[in-house]
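Reading through the structure tokens given below for one structure.
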Amino acid sequence: MQSKSFRLYDWGKKTNQEKYGQGTPPDIDLTKITNVPTAMFVGTEDDLGDVTDCHWARDQIQKGGDALVHYQEVDAGHSTFLIAKDMSYFNDVMDLVHTYNPLSEKFLEW
């Protein structure tokens with residue numbers, strides 16, 4: 001958040017040099033996500049992953065191809081996705097899991 005960039009973890013100059021071969025962590029290129037079906041559920045009240053940043057991430061993934069299979073903004077904060085009273089969006093999550101992970105049906109048989 002402080003660097004205003006989407007990068008790998010910043011360990012500090014010395015450890016970054018050891019781990020990444022440079023003093024600052026490298027950027028993560030979301031345009032390279034090309035063959036992993038990706039769904040984004042974005043909380044409109046999320047202070048950690050705000051809508052502006054999520055729009056940027058969505059646009060970067062879309063530049064790479066057709067990996068983004070779903071984008072949905074939900075009236076939610078950051079922790080809502082774990083402990084919300086209204087989990088109605090989760091039906092969409094499960095539909096996507098069943099669509100893009102055929103093995104998920106086998107787990108339902110248990």
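Letters A, B, ... go to the chains of the structure tokens in the order shown; residues in each chain start at 1; ligands are counted from 1 in the same order.
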Can you tell me, as a short mmCIF file (atom, residue, chain, number, x, y, z; two decimals) with N, CA, C and O atoms, in the first residue's frame, what residues are no more than 12 Å from Asn35 (chain A) when counting only C-alpha atoms, ignoring any on the same chain fewer than 4 positions away?
```cif
data_model
loop_
_atom_site.label_atom_id
_atom_site.label_comp_id
_atom_site.auth_asym_id
_atom_site.auth_seq_id
_atom_site.Cartn_x
_atom_site.Cartn_y
_atom_site.Cartn_z
N LEU A 30 0.03 -8.48 -13.86
CA LEU A 30 -1.24 -9.19 -13.93
C LEU A 30 -1.67 -9.51 -15.35
O LEU A 30 -2.53 -10.36 -15.56
N THR A 31 -1.06 -8.85 -16.34
CA THR A 31 -1.41 -9.16 -17.73
C THR A 31 -0.94 -10.55 -18.13
O THR A 31 -1.38 -11.09 -19.14
N ILE A 61 -5.78 -7.63 -15.76
CA ILE A 61 -6.05 -9.04 -16.09
C ILE A 61 -6.71 -9.14 -17.45
O ILE A 61 -6.37 -10.00 -18.26
N GLN A 62 -7.64 -8.23 -17.74
CA GLN A 62 -8.33 -8.26 -19.04
C GLN A 62 -7.38 -7.96 -20.20
O GLN A 62 -7.56 -8.49 -21.29
N GLY A 64 -4.49 -9.07 -20.49
CA GLY A 64 -3.75 -10.30 -20.76
C GLY A 64 -4.54 -11.32 -21.56
O GLY A 64 -3.98 -12.27 -22.08
N GLY A 65 -5.83 -11.17 -21.65
CA GLY A 65 -6.64 -12.13 -22.39
C GLY A 65 -7.99 -12.32 -21.76
O GLY A 65 -8.58 -11.38 -21.24
N ASP A 66 -8.45 -13.56 -21.75
CA ASP A 66 -9.80 -13.83 -21.26
C ASP A 66 -9.83 -14.59 -19.94
O ASP A 66 -10.78 -15.32 -19.65
N ALA A 67 -8.82 -14.41 -19.10
CA ALA A 67 -8.76 -15.11 -17.82
C ALA A 67 -9.85 -14.64 -16.85
O ALA A 67 -10.33 -15.41 -16.04
N LEU A 68 -10.23 -13.36 -16.93
CA LEU A 68 -11.24 -12.85 -16.01
C LEU A 68 -12.61 -13.34 -16.46
O LEU A 68 -13.13 -12.93 -17.50
N VAL A 69 -13.18 -14.24 -15.68
CA VAL A 69 -14.45 -14.85 -16.05
C VAL A 69 -15.63 -14.24 -15.29
O VAL A 69 -16.79 -14.46 -15.66
N TYR A 100 -15.89 -23.99 -13.24
CA TYR A 100 -14.47 -24.00 -13.61
C TYR A 100 -13.65 -25.07 -12.90
O TYR A 100 -12.47 -25.22 -13.17
#
```
_Backbone-only DSSP, alpha helix (DSSP H) members of region 7-82 of chain A, as an MDAnalysis selection string_ = chainID A and resid 13:20 51:64 80:82
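Comparing A:Phe41, A:Asp75, A:Asp29, A:Leu96 by their smallest distance to Lys63 (chain A), the closest is A:Asp29 (using only C-alpha atoms).
One finds CA of Leu48 (chain A) at 22.1 Å from CA of Gly12 (chain A).
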*Running DSSP on the backbone, which parts of chain A land in strand (DSSP E or B), as JSON, numbers by chain?*
{"A": [7, 27, 38, 39, 40, 41, 42, 43, 68, 69, 70, 71, 72, 73, 74]}
Would you save the residues from that selection as a PDB file, in the first residue's frame, using C-alpha atoms?
```pdb
ATOM      1  CA  ARG A   7       4.748  -5.782  -6.107  1.00  0.00           C
ATOM      2  CA  ASP A  27       6.205  -5.531  -9.898  1.00  0.00           C
ATOM      3  CA  THR A  38     -10.200 -15.645 -12.346  1.00  0.00           C
ATOM      4  CA  ALA A  39     -13.242 -14.273 -10.538  1.00  0.00           C
ATOM      5  CA  MET A  40     -13.205 -11.037  -8.576  1.00  0.00           C
ATOM      6  CA  PHE A  41     -15.697 -10.259  -5.825  1.00  0.00           C
ATOM      7  CA  VAL A  42     -15.033  -6.667  -4.799  1.00  0.00           C
ATOM      8  CA  GLY A  43     -16.294  -5.076  -1.583  1.00  0.00           C
ATOM      9  CA  LEU A  68     -11.238 -12.845 -16.013  1.00  0.00           C
ATOM     10  CA  VAL A  69     -14.454 -14.848 -16.052  1.00  0.00           C
ATOM     11  CA  HIS A  70     -16.420 -12.880 -13.449  1.00  0.00           C
ATOM     12  CA  TYR A  71     -16.352  -9.434 -11.854  1.00  0.00           C
ATOM     13  CA  GLN A  72     -18.881  -8.439  -9.210  1.00  0.00           C
ATOM     14  CA  GLU A  73     -19.063  -5.556  -6.788  1.00  0.00           C
ATOM     15  CA  VAL A  74     -20.695  -6.441  -3.481  1.00  0.00           C
TER      16      VAL A  74
END
```
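Proximity to Thr24 (chain A) was assessed for A:Asp53, A:Asp46, A:Asp59, A:Asp10 counting only C-alpha atoms; the smallest distance is recorded for A:Asp10.
Interatomic distance, CA of His78 (chain A) to CA of Thr52 (chain A): 14.5 Å.
What separates CA of Gln60 (chain A) from CA of Asn91 (chain A) is a distance of 26.1 Å.
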